[in-house]
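Pasted below: entry37.txt, compact mmCIF, C-alpha atoms and all ligand atoms.
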# COMPACT_ATOMS: atom_id res chain seq x y z
CA MET A 162 -63.87 15.36 -72.74
CA LYS A 163 -65.00 12.65 -70.37
CA GLN A 164 -62.55 9.95 -69.41
CA ARG A 165 -64.01 6.55 -70.14
CA VAL A 166 -63.15 3.68 -67.83
CA LEU A 167 -64.02 0.00 -68.31
CA PHE A 168 -63.36 -2.49 -65.49
CA VAL A 169 -63.02 -6.10 -66.62
CA CYS A 170 -63.08 -9.49 -64.86
CA LEU A 171 -64.04 -13.00 -65.95
CA GLY A 172 -67.78 -13.16 -65.27
CA ASN A 173 -68.66 -9.47 -64.75
CA ILE A 174 -70.74 -10.48 -61.73
CA CYS A 175 -68.27 -10.13 -58.82
CA ARG A 176 -65.09 -8.09 -59.18
CA SER A 177 -65.66 -5.69 -62.08
CA PRO A 178 -69.22 -4.62 -61.09
CA SER A 179 -67.74 -3.95 -57.64
CA ALA A 180 -64.88 -1.96 -59.16
CA GLU A 181 -67.44 0.06 -61.10
CA ALA A 182 -69.44 0.79 -57.92
CA VAL A 183 -66.40 1.60 -55.78
CA PHE A 184 -64.93 3.94 -58.41
CA ASN A 185 -68.33 5.58 -58.96
CA ALA A 186 -68.68 6.17 -55.21
CA LEU A 187 -65.20 7.71 -55.12
CA ILE A 188 -65.77 10.13 -57.99
CA THR A 189 -69.16 11.04 -56.50
CA LYS A 190 -67.45 11.86 -53.21
CA GLU A 191 -64.84 13.93 -55.06
CA GLY A 192 -67.46 15.75 -57.17
CA LEU A 193 -66.03 14.35 -60.40
CA THR A 194 -68.97 12.41 -61.83
CA GLU A 195 -69.23 14.73 -64.85
CA GLU A 196 -65.66 13.94 -65.83
CA PHE A 197 -66.01 10.19 -66.10
CA GLU A 198 -67.98 7.51 -67.82
CA VAL A 199 -67.65 4.18 -65.99
CA ASP A 200 -68.70 0.70 -67.07
CA SER A 201 -67.72 -2.93 -66.54
CA ALA A 202 -67.64 -6.08 -68.66
CA GLY A 203 -66.61 -9.72 -68.59
CA ILE A 204 -64.08 -11.71 -70.55
CA SER A 205 -66.80 -14.39 -70.73
CA ASP A 206 -70.47 -14.12 -71.65
CA TRP A 207 -71.44 -16.87 -69.18
CA HIS A 208 -73.55 -14.55 -67.04
CA GLN A 209 -74.74 -12.12 -69.72
CA GLY A 210 -77.80 -10.13 -68.58
CA GLU A 211 -77.49 -11.25 -64.95
CA PRO A 212 -77.15 -8.89 -61.98
CA ALA A 213 -74.08 -9.14 -59.76
CA ASP A 214 -73.60 -12.28 -57.67
CA ARG A 215 -75.84 -12.13 -54.57
CA ARG A 216 -72.90 -12.73 -52.19
CA MET A 217 -70.90 -9.92 -53.79
CA GLN A 218 -73.94 -7.62 -53.57
CA GLN A 219 -74.38 -8.39 -49.88
CA HIS A 220 -70.77 -7.67 -49.01
CA ALA A 221 -70.84 -4.48 -51.08
CA ARG A 222 -74.09 -3.33 -49.43
CA LYS A 223 -72.44 -3.46 -46.01
CA ARG A 224 -70.05 -0.79 -47.29
CA ASN A 225 -72.86 1.22 -48.90
CA TYR A 226 -72.15 0.21 -52.48
CA ASN A 227 -75.10 -0.68 -54.67
CA LEU A 228 -74.21 -3.08 -57.46
CA THR A 229 -76.67 -2.25 -60.22
CA SER A 230 -74.99 -3.23 -63.47
CA LEU A 231 -75.94 -6.27 -65.53
CA SER A 232 -73.28 -8.60 -66.89
CA ARG A 233 -72.13 -8.15 -70.46
CA PRO A 234 -69.10 -9.47 -72.32
CA VAL A 235 -66.24 -7.31 -73.61
CA ILE A 236 -66.81 -6.43 -77.29
CA PRO A 237 -64.22 -5.28 -79.87
CA LYS A 238 -65.69 -1.76 -79.91
CA ASP A 239 -64.83 -1.37 -76.20
CA PHE A 240 -61.15 -1.04 -77.14
CA GLU A 241 -61.98 1.98 -79.26
CA ASN A 242 -64.61 3.49 -76.94
CA PHE A 243 -62.77 3.41 -73.61
CA ASP A 244 -59.63 5.28 -72.53
CA TYR A 245 -58.79 2.91 -69.68
CA ILE A 246 -59.53 -0.82 -69.69
CA VAL A 247 -58.66 -2.17 -66.25
CA ALA A 248 -58.27 -5.92 -65.70
CA MET A 249 -58.83 -7.53 -62.30
CA ASP A 250 -56.37 -10.42 -62.70
CA ARG A 251 -53.50 -11.54 -64.89
CA SER A 252 -55.63 -13.92 -66.87
CA ASN A 253 -58.05 -11.09 -67.71
CA LEU A 254 -55.06 -8.94 -68.64
CA ARG A 255 -53.70 -11.59 -70.99
CA ASP A 256 -57.11 -12.14 -72.59
CA LEU A 257 -57.67 -8.42 -73.09
CA LYS A 258 -54.26 -8.01 -74.73
CA ALA A 259 -54.97 -10.96 -77.01
CA ARG A 260 -58.32 -9.49 -78.03
CA ALA A 261 -57.23 -5.90 -78.69
CA PRO A 262 -58.22 -5.33 -82.32
CA LYS A 263 -55.25 -2.99 -82.91
CA PRO A 264 -51.80 -2.79 -81.25
CA GLU A 265 -52.39 0.90 -80.49
CA TYR A 266 -55.09 -0.14 -77.97
CA LEU A 267 -52.64 -2.12 -75.82
CA LYS A 268 -51.61 1.03 -74.00
CA LYS A 269 -55.17 1.44 -72.71
CA ILE A 270 -55.01 -1.87 -70.83
CA PHE A 271 -54.05 -1.85 -67.13
CA LEU A 272 -54.00 -4.21 -64.14
CA MET A 273 -56.01 -2.93 -61.16
CA THR A 274 -53.46 -4.06 -58.56
CA ASP A 275 -50.77 -1.93 -60.23
CA PHE A 276 -52.56 0.94 -58.47
CA LEU A 277 -52.42 -0.58 -54.97
CA SER A 278 -50.58 1.53 -52.42
CA ASP A 279 -48.51 -1.52 -51.45
CA ASN A 280 -47.38 -4.67 -53.22
CA SER A 281 -49.54 -6.99 -51.13
CA PHE A 282 -51.35 -8.47 -54.15
CA ASP A 283 -50.53 -8.69 -57.84
CA GLU A 284 -54.13 -9.37 -58.85
CA VAL A 285 -57.65 -9.16 -57.44
CA PRO A 286 -58.32 -12.84 -56.63
CA ASP A 287 -61.45 -14.45 -58.06
CA PRO A 288 -63.89 -14.79 -55.11
CA TYR A 289 -66.46 -16.94 -56.93
CA TYR A 290 -65.62 -20.35 -55.49
CA GLY A 291 -64.49 -19.11 -52.07
CA GLY A 292 -66.06 -17.79 -48.89
CA ASP A 293 -66.83 -14.46 -47.23
CA ALA A 294 -63.18 -13.45 -46.80
CA GLY A 295 -62.64 -13.49 -50.56
CA PHE A 296 -65.46 -11.00 -51.16
CA GLU A 297 -64.19 -8.71 -48.41
CA LEU A 298 -60.69 -8.89 -49.88
CA VAL A 299 -62.04 -7.86 -53.30
CA LEU A 300 -63.60 -4.75 -51.75
CA ASP A 301 -60.47 -3.94 -49.70
CA LEU A 302 -58.26 -4.14 -52.78
CA LEU A 303 -60.69 -2.13 -54.92
CA GLU A 304 -61.08 0.64 -52.35
CA ASP A 305 -57.32 1.08 -52.10
CA SER A 306 -56.46 0.82 -55.79
CA SER A 307 -59.35 3.08 -56.88
CA GLN A 308 -57.82 6.01 -55.02
CA ASN A 309 -54.51 5.71 -56.85
CA PHE A 310 -56.17 4.92 -60.15
CA LEU A 311 -58.18 8.14 -59.84
CA LYS A 312 -54.97 10.09 -59.14
CA PHE A 313 -53.35 8.45 -62.15
CA THR A 314 -56.17 9.49 -64.50
CA ARG A 315 -56.11 13.03 -63.09
CA GLN A 316 -52.35 13.27 -63.67
CA LYS A 317 -52.80 12.09 -67.24
CA GLN A 318 -55.33 14.86 -67.71
CA ASN A 319 -53.05 17.38 -65.93
CA ARG A 320 -55.76 18.17 -63.42
P1 LIG A 401 -65.89 -12.45 -61.55
O1 LIG A 401 -66.14 -13.83 -60.79
O2 LIG A 401 -64.98 -12.73 -62.70
O3 LIG A 401 -65.25 -11.59 -60.50
O4 LIG A 401 -67.26 -11.94 -61.99
C1 LIG A 401 -66.53 -15.00 -61.45
C2 LIG A 401 -67.86 -15.20 -61.75
C3 LIG A 401 -68.26 -16.37 -62.36
C4 LIG A 401 -67.31 -17.34 -62.66
C5 LIG A 401 -65.98 -17.13 -62.36
C6 LIG A 401 -65.59 -15.95 -61.76
N1 LIG A 401 -67.73 -18.56 -63.23
O5 LIG A 401 -66.88 -19.48 -63.35
O6 LIG A 401 -68.90 -18.70 -63.61

Now that the file is in, can you turn its structure into structure tokens?
Ligand code: 4NP
Amino acid sequence: MKQRVLFVCLGNICRSPSAEAVFNALITKEGLTEEFEVDSAGISDWHQGEPADRRMQQHARKRNYNLTSLSRPVIPKDFENFDYIVAMDRSNLRDLKARAPKPEYLKKIFLMTDFLSDNSFDEVPDPYYGGDAGFELVLDLLEDSSQNFLKFTRQKQNR
């Protein structure tokens, strides 16, 4: 059984498409692509159908990540379909919890920074209205937390 992971941010054009790409690169490196299905979505539908933000793409490219996904909003079926729904910030987390169609789905919802190897940040800050440093920080936080998130999923699967 594949483990299904959905990364979620507000617009699905900066943080969550990056999380998807970083996690995909990690499982590719570890030879685990067959064990996962990875997607991303937005709390909002403001950018539906759009590719990732050009600035985010450029920063990701410098680290060899290709952001290919198109923005789509979270839909009720996602709560059923995915095993792990990982929010980028506390507002996303709150919105996801409020939208879960059944209480039993709440346990699928996580905060990405809970997997950081230190307590330096308690969310992945929204880079949209900021400068270059914000996009680099997003990638730094995602690279670190992805490692521990992967370990977490493997432990859950007893692998
Ligand atoms: P994201 O960034 O949630 O990381 O994709 C944002 C993208 C767009 C907006 C806000 C955040 N916006 O206000 O349009």

Kindly work out which residues sit at most 8 Å from ligand LIG 401 (chain A), using only C-alpha atoms and all ligand atoms, and give the list as a ChimeraX atom specification. /A:169-178,203-204,207-208,213-214,249,287-290

Could you tell me how far CA of Asn242 in chain A lies from CA of Ser179 in chain A, in Å and to one decimal?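 CA of Ser179 in chain A lies 20.9 Å from CA of Asn242 in chain A.
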
Can you pull out every residue within 12 Å of Asp301 in chain A, counting only C-alpha atoms, but drop anything in the same chain fewer than 6 positions away, and send it as a PDB file with C-alpha atoms, in the coordinates of the input?
ATOM      1  CA  ARG A 176     -65.090  -8.090 -59.180  1.00  0.00           C
ATOM      2  CA  SER A 179     -67.740  -3.950 -57.640  1.00  0.00           C
ATOM      3  CA  ALA A 180     -64.880  -1.960 -59.160  1.00  0.00           C
ATOM      4  CA  VAL A 183     -66.400   1.600 -55.780  1.00  0.00           C
ATOM      5  CA  HIS A 220     -70.770  -7.670 -49.010  1.00  0.00           C
ATOM      6  CA  ALA A 221     -70.840  -4.480 -51.080  1.00  0.00           C
ATOM      7  CA  ARG A 224     -70.050  -0.790 -47.290  1.00  0.00           C
ATOM      8  CA  THR A 274     -53.460  -4.060 -58.560  1.00  0.00           C
ATOM      9  CA  LEU A 277     -52.420  -0.580 -54.970  1.00  0.00           C
ATOM     10  CA  SER A 278     -50.580   1.530 -52.420  1.00  0.00           C
ATOM     11  CA  SER A 281     -49.540  -6.990 -51.130  1.00  0.00           C
ATOM     12  CA  PHE A 282     -51.350  -8.470 -54.150  1.00  0.00           C
ATOM     13  CA  VAL A 285     -57.650  -9.160 -57.440  1.00  0.00           C
ATOM     14  CA  PRO A 286     -58.320 -12.840 -56.630  1.00  0.00           C
ATOM     15  CA  ALA A 294     -63.180 -13.450 -46.800  1.00  0.00           C
ATOM     16  CA  GLY A 295     -62.640 -13.490 -50.560  1.00  0.00           C
ATOM     17  CA  SER A 307     -59.350   3.080 -56.880  1.00  0.00           C
ATOM     18  CA  GLN A 308     -57.820   6.010 -55.020  1.00  0.00           C
TER      19      GLN A 308
END

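Using all atoms listed in the file, the shortest contact distance between Asp293 in chain A and any of A:Val235, A:Leu167, A:Met217, A:Leu254 is found at A:Met217.
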
May I have the protein, DNA and RNA residues with any atom at most 12 Å from the point (-71.0, -1.4, -50.3), counting only C-alpha atoms, written as a ChimeraX atom specification? /A:178-187,216-229,296-297,299-301,303-304

Could you dump the residues just selected with C-alpha atoms as a PDB file, in the coordinates of the input?
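Just written: result03.pdb:
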ATOM      1  CA  PRO A 178     -69.220  -4.620 -61.090  1.00  0.00           C
ATOM      2  CA  SER A 179     -67.740  -3.950 -57.640  1.00  0.00           C
ATOM      3  CA  ALA A 180     -64.880  -1.960 -59.160  1.00  0.00           C
ATOM      4  CA  GLU A 181     -67.440   0.060 -61.100  1.00  0.00           C
ATOM      5  CA  ALA A 182     -69.440   0.790 -57.920  1.00  0.00           C
ATOM      6  CA  VAL A 183     -66.400   1.600 -55.780  1.00  0.00           C
ATOM      7  CA  PHE A 184     -64.930   3.940 -58.410  1.00  0.00           C
ATOM      8  CA  ASN A 185     -68.330   5.580 -58.960  1.00  0.00           C
ATOM      9  CA  ALA A 186     -68.680   6.170 -55.210  1.00  0.00           C
ATOM     10  CA  LEU A 187     -65.200   7.710 -55.120  1.00  0.00           C
ATOM     11  CA  ARG A 216     -72.900 -12.730 -52.190  1.00  0.00           C
ATOM     12  CA  MET A 217     -70.900  -9.920 -53.790  1.00  0.00           C
ATOM     13  CA  GLN A 218     -73.940  -7.620 -53.570  1.00  0.00           C
ATOM     14  CA  GLN A 219     -74.380  -8.390 -49.880  1.00  0.00           C
ATOM     15  CA  HIS A 220     -70.770  -7.670 -49.010  1.00  0.00           C
ATOM     16  CA  ALA A 221     -70.840  -4.480 -51.080  1.00  0.00           C
ATOM     17  CA  ARG A 222     -74.090  -3.330 -49.430  1.00  0.00           C
ATOM     18  CA  LYS A 223     -72.440  -3.460 -46.010  1.00  0.00           C
ATOM     19  CA  ARG A 224     -70.050  -0.790 -47.290  1.00  0.00           C
ATOM     20  CA  ASN A 225     -72.860   1.220 -48.900  1.00  0.00           C
ATOM     21  CA  TYR A 226     -72.150   0.210 -52.480  1.00  0.00           C
ATOM     22  CA  ASN A 227     -75.100  -0.680 -54.670  1.00  0.00           C
ATOM     23  CA  LEU A 228     -74.210  -3.080 -57.460  1.00  0.00           C
ATOM     24  CA  THR A 229     -76.670  -2.250 -60.220  1.00  0.00           C
ATOM     25  CA  PHE A 296     -65.460 -11.000 -51.160  1.00  0.00           C
ATOM     26  CA  GLU A 297     -64.190  -8.710 -48.410  1.00  0.00           C
ATOM     27  CA  VAL A 299     -62.040  -7.860 -53.300  1.00  0.00           C
ATOM     28  CA  LEU A 300     -63.600  -4.750 -51.750  1.00  0.00           C
ATOM     29  CA  ASP A 301     -60.470  -3.940 -49.700  1.00  0.00           C
ATOM     30  CA  LEU A 303     -60.690  -2.130 -54.920  1.00  0.00           C
ATOM     31  CA  GLU A 304     -61.080   0.640 -52.350  1.00  0.00           C
TER      32      GLU A 304
END

Pick out the residues sitting within 12 Å of Arg260 in chain A, and hand them over as a list of chain:residue names; count only C-alpha atoms, and ignore anything fewer than 6 positions along from it in its own chain.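 The neighbour list is A:Ile204, A:Val235, A:Ile236, A:Pro237, A:Lys238, A:Asp239, A:Phe240, A:Asn253, A:Leu254, A:Tyr266, A:Leu267, A:Ile270.
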
Closest to Ser232 in chain A among A:Gly292, A:Phe168, A:Leu272, A:Tyr245, using all atoms listed in the file?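 Of the candidates, the smallest distance to Ser232 in chain A is held by A:Phe168.
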
Kindly give the distance, in Å, that separates CA of Asp200 in chain A and CA of Lys163 in chain A, rounded to a single decimal.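 Separation between CA of Asp200 in chain A and CA of Lys163 in chain A: 12.9 Å.
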
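For the atom pair formed by CA of Lys258 in chain A and CA of Arg215 in chain A, the distance is 29.8 Å, given to one decimal.
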
Which of these, A:Thr194, A:Ser201, A:Thr189, A:Ser230, has the shortest distance to Val166 in chain A once you count all atoms listed in the file?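 Looking only at the distances to Val166 in chain A, the closest residue turns out to be A:Ser201.
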
Taking only C-alpha atoms into account, name the residue in A:Leu302, A:Met273, A:Leu231, A:Val199 that is nearest to Pro212 in chain A.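 Of all the options, A:Leu231 lies closest to Pro212 in chain A.
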
With only C-alpha atoms as the counted atoms, please give the residues lying no more than 12 Å from Gln164 in chain A, apart from itself and same-chain residues fewer than 6 positions off, as a PDB file with C-alpha atoms, keeping the file's coordinate frame.
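Everything below was put into part_33.pdb:
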ATOM      1  CA  ILE A 188     -65.770  10.130 -57.990  1.00  0.00           C
ATOM      2  CA  LEU A 193     -66.030  14.350 -60.400  1.00  0.00           C
ATOM      3  CA  THR A 194     -68.970  12.410 -61.830  1.00  0.00           C
ATOM      4  CA  GLU A 195     -69.230  14.730 -64.850  1.00  0.00           C
ATOM      5  CA  GLU A 196     -65.660  13.940 -65.830  1.00  0.00           C
ATOM      6  CA  PHE A 197     -66.010  10.190 -66.100  1.00  0.00           C
ATOM      7  CA  GLU A 198     -67.980   7.510 -67.820  1.00  0.00           C
ATOM      8  CA  VAL A 199     -67.650   4.180 -65.990  1.00  0.00           C
ATOM      9  CA  ASP A 200     -68.700   0.700 -67.070  1.00  0.00           C
ATOM     10  CA  ASN A 242     -64.610   3.490 -76.940  1.00  0.00           C
ATOM     11  CA  PHE A 243     -62.770   3.410 -73.610  1.00  0.00           C
ATOM     12  CA  ASP A 244     -59.630   5.280 -72.530  1.00  0.00           C
ATOM     13  CA  TYR A 245     -58.790   2.910 -69.680  1.00  0.00           C
ATOM     14  CA  ILE A 246     -59.530  -0.820 -69.690  1.00  0.00           C
ATOM     15  CA  LYS A 269     -55.170   1.440 -72.710  1.00  0.00           C
ATOM     16  CA  LEU A 311     -58.180   8.140 -59.840  1.00  0.00           C
ATOM     17  CA  PHE A 313     -53.350   8.450 -62.150  1.00  0.00           C
ATOM     18  CA  THR A 314     -56.170   9.490 -64.500  1.00  0.00           C
ATOM     19  CA  ARG A 315     -56.110  13.030 -63.090  1.00  0.00           C
ATOM     20  CA  LYS A 317     -52.800  12.090 -67.240  1.00  0.00           C
ATOM     21  CA  GLN A 318     -55.330  14.860 -67.710  1.00  0.00           C
TER      22      GLN A 318
END

Atoms added to range 185-196 of chain A (all heavy atoms), reported as a PDB file, keeping the file's coordinate frame:
ATOM      1  N   ASN A 185     -67.234   4.612 -58.856  1.00  0.00           N
ATOM      2  CA  ASN A 185     -68.330   5.580 -58.960  1.00  0.00           C
ATOM      3  C   ASN A 185     -68.568   6.301 -57.636  1.00  0.00           C
ATOM      4  O   ASN A 185     -68.810   7.516 -57.623  1.00  0.00           O
ATOM      5  CB  ASN A 185     -69.632   4.895 -59.410  1.00  0.00           C
ATOM      6  CG  ASN A 185     -69.764   4.879 -60.924  1.00  0.00           C
ATOM      7  OD1 ASN A 185     -69.336   5.797 -61.615  1.00  0.00           O
ATOM      8  ND2 ASN A 185     -70.370   3.821 -61.451  1.00  0.00           N
ATOM      9  N   ALA A 186     -68.493   5.551 -56.533  1.00  0.00           N
ATOM     10  CA  ALA A 186     -68.680   6.170 -55.210  1.00  0.00           C
ATOM     11  C   ALA A 186     -67.564   7.176 -54.939  1.00  0.00           C
ATOM     12  O   ALA A 186     -67.808   8.267 -54.407  1.00  0.00           O
ATOM     13  CB  ALA A 186     -68.704   5.095 -54.132  1.00  0.00           C
ATOM     14  N   LEU A 187     -66.345   6.825 -55.342  1.00  0.00           N
ATOM     15  CA  LEU A 187     -65.200   7.710 -55.120  1.00  0.00           C
ATOM     16  C   LEU A 187     -65.328   9.015 -55.920  1.00  0.00           C
ATOM     17  O   LEU A 187     -65.146  10.104 -55.376  1.00  0.00           O
ATOM     18  CB  LEU A 187     -63.914   6.970 -55.488  1.00  0.00           C
ATOM     19  CG  LEU A 187     -62.618   7.750 -55.338  1.00  0.00           C
ATOM     20  CD1 LEU A 187     -62.393   8.199 -53.896  1.00  0.00           C
ATOM     21  CD2 LEU A 187     -61.430   6.918 -55.826  1.00  0.00           C
ATOM     22  N   ILE A 188     -65.671   8.897 -57.196  1.00  0.00           N
ATOM     23  CA  ILE A 188     -65.770  10.130 -57.990  1.00  0.00           C
ATOM     24  C   ILE A 188     -66.991  10.959 -57.577  1.00  0.00           C
ATOM     25  O   ILE A 188     -66.973  12.178 -57.709  1.00  0.00           O
ATOM     26  CB  ILE A 188     -65.761   9.862 -59.533  1.00  0.00           C
ATOM     27  CG1 ILE A 188     -66.916   8.985 -59.974  1.00  0.00           C
ATOM     28  CG2 ILE A 188     -64.430   9.273 -59.961  1.00  0.00           C
ATOM     29  CD1 ILE A 188     -66.982   8.813 -61.498  1.00  0.00           C
ATOM     30  N   THR A 189     -68.010  10.300 -57.046  1.00  0.00           N
ATOM     31  CA  THR A 189     -69.160  11.040 -56.500  1.00  0.00           C
ATOM     32  C   THR A 189     -68.707  11.845 -55.293  1.00  0.00           C
ATOM     33  O   THR A 189     -68.999  13.037 -55.175  1.00  0.00           O
ATOM     34  CB  THR A 189     -70.302  10.078 -56.111  1.00  0.00           C
ATOM     35  OG1 THR A 189     -70.719   9.374 -57.286  1.00  0.00           O
ATOM     36  CG2 THR A 189     -71.485  10.813 -55.514  1.00  0.00           C
ATOM     37  N   LYS A 190     -67.951  11.196 -54.414  1.00  0.00           N
ATOM     38  CA  LYS A 190     -67.450  11.860 -53.210  1.00  0.00           C
ATOM     39  C   LYS A 190     -66.549  13.042 -53.564  1.00  0.00           C
ATOM     40  O   LYS A 190     -66.569  14.077 -52.912  1.00  0.00           O
ATOM     41  CB  LYS A 190     -66.668  10.842 -52.361  1.00  0.00           C
ATOM     42  CG  LYS A 190     -66.302  11.324 -50.972  1.00  0.00           C
ATOM     43  CD  LYS A 190     -65.541  10.267 -50.195  1.00  0.00           C
ATOM     44  CE  LYS A 190     -64.067  10.577 -50.229  1.00  0.00           C
ATOM     45  NZ  LYS A 190     -63.164   9.551 -49.843  1.00  0.00           N
ATOM     46  N   GLU A 191     -65.783  12.888 -54.641  1.00  0.00           N
ATOM     47  CA  GLU A 191     -64.840  13.930 -55.060  1.00  0.00           C
ATOM     48  C   GLU A 191     -65.487  14.975 -55.980  1.00  0.00           C
ATOM     49  O   GLU A 191     -64.805  15.896 -56.443  1.00  0.00           O
ATOM     50  CB  GLU A 191     -63.632  13.300 -55.774  1.00  0.00           C
ATOM     51  CG  GLU A 191     -62.851  12.305 -54.924  1.00  0.00           C
ATOM     52  CD  GLU A 191     -62.042  12.959 -53.811  1.00  0.00           C
ATOM     53  OE1 GLU A 191     -61.701  14.146 -53.935  1.00  0.00           O
ATOM     54  OE2 GLU A 191     -61.761  12.272 -52.807  1.00  0.00           O
ATOM     55  N   GLY A 192     -66.764  14.803 -56.293  1.00  0.00           N
ATOM     56  CA  GLY A 192     -67.460  15.750 -57.170  1.00  0.00           C
ATOM     57  C   GLY A 192     -67.005  15.679 -58.618  1.00  0.00           C
ATOM     58  O   GLY A 192     -67.002  16.682 -59.334  1.00  0.00           O
ATOM     59  N   LEU A 193     -66.615  14.499 -59.052  1.00  0.00           N
ATOM     60  CA  LEU A 193     -66.030  14.350 -60.400  1.00  0.00           C
ATOM     61  C   LEU A 193     -66.891  13.531 -61.355  1.00  0.00           C
ATOM     62  O   LEU A 193     -66.405  13.106 -62.409  1.00  0.00           O
ATOM     63  CB  LEU A 193     -64.643  13.694 -60.286  1.00  0.00           C
ATOM     64  CG  LEU A 193     -63.589  14.480 -59.504  1.00  0.00           C
ATOM     65  CD1 LEU A 193     -62.336  13.621 -59.297  1.00  0.00           C
ATOM     66  CD2 LEU A 193     -63.239  15.769 -60.240  1.00  0.00           C
ATOM     67  N   THR A 194     -68.145  13.328 -61.003  1.00  0.00           N
ATOM     68  CA  THR A 194     -68.970  12.410 -61.830  1.00  0.00           C
ATOM     69  C   THR A 194     -69.094  12.888 -63.278  1.00  0.00           C
ATOM     70  O   THR A 194     -69.196  12.072 -64.183  1.00  0.00           O
ATOM     71  CB  THR A 194     -70.396  12.234 -61.253  1.00  0.00           C
ATOM     72  OG1 THR A 194     -70.917  13.520 -60.976  1.00  0.00           O
ATOM     73  CG2 THR A 194     -70.375  11.408 -59.996  1.00  0.00           C
ATOM     74  N   GLU A 195     -69.075  14.202 -63.481  1.00  0.00           N
ATOM     75  CA  GLU A 195     -69.230  14.730 -64.850  1.00  0.00           C
ATOM     76  C   GLU A 195     -68.004  14.463 -65.708  1.00  0.00           C
ATOM     77  O   GLU A 195     -68.063  14.584 -66.921  1.00  0.00           O
ATOM     78  CB  GLU A 195     -69.498  16.242 -64.803  1.00  0.00           C
ATOM     79  CG  GLU A 195     -70.850  16.613 -64.221  1.00  0.00           C
ATOM     80  CD  GLU A 195     -71.998  15.861 -64.892  1.00  0.00           C
ATOM     81  OE1 GLU A 195     -72.097  15.925 -66.132  1.00  0.00           O
ATOM     82  OE2 GLU A 195     -72.785  15.200 -64.185  1.00  0.00           O
ATOM     83  N   GLU A 196     -66.905  14.114 -65.070  1.00  0.00           N
ATOM     84  CA  GLU A 196     -65.660  13.940 -65.830  1.00  0.00           C
ATOM     85  C   GLU A 196     -65.404  12.511 -66.269  1.00  0.00           C
ATOM     86  O   GLU A 196     -64.448  12.250 -66.987  1.00  0.00           O
ATOM     87  CB  GLU A 196     -64.481  14.445 -64.993  1.00  0.00           C
ATOM     88  CG  GLU A 196     -64.631  15.926 -64.685  1.00  0.00           C
ATOM     89  CD  GLU A 196     -63.357  16.540 -64.133  1.00  0.00           C
ATOM     90  OE1 GLU A 196     -62.274  15.991 -64.377  1.00  0.00           O
ATOM     91  OE2 GLU A 196     -63.489  17.571 -63.469  1.00  0.00           O
TER      92      GLU A 196
END
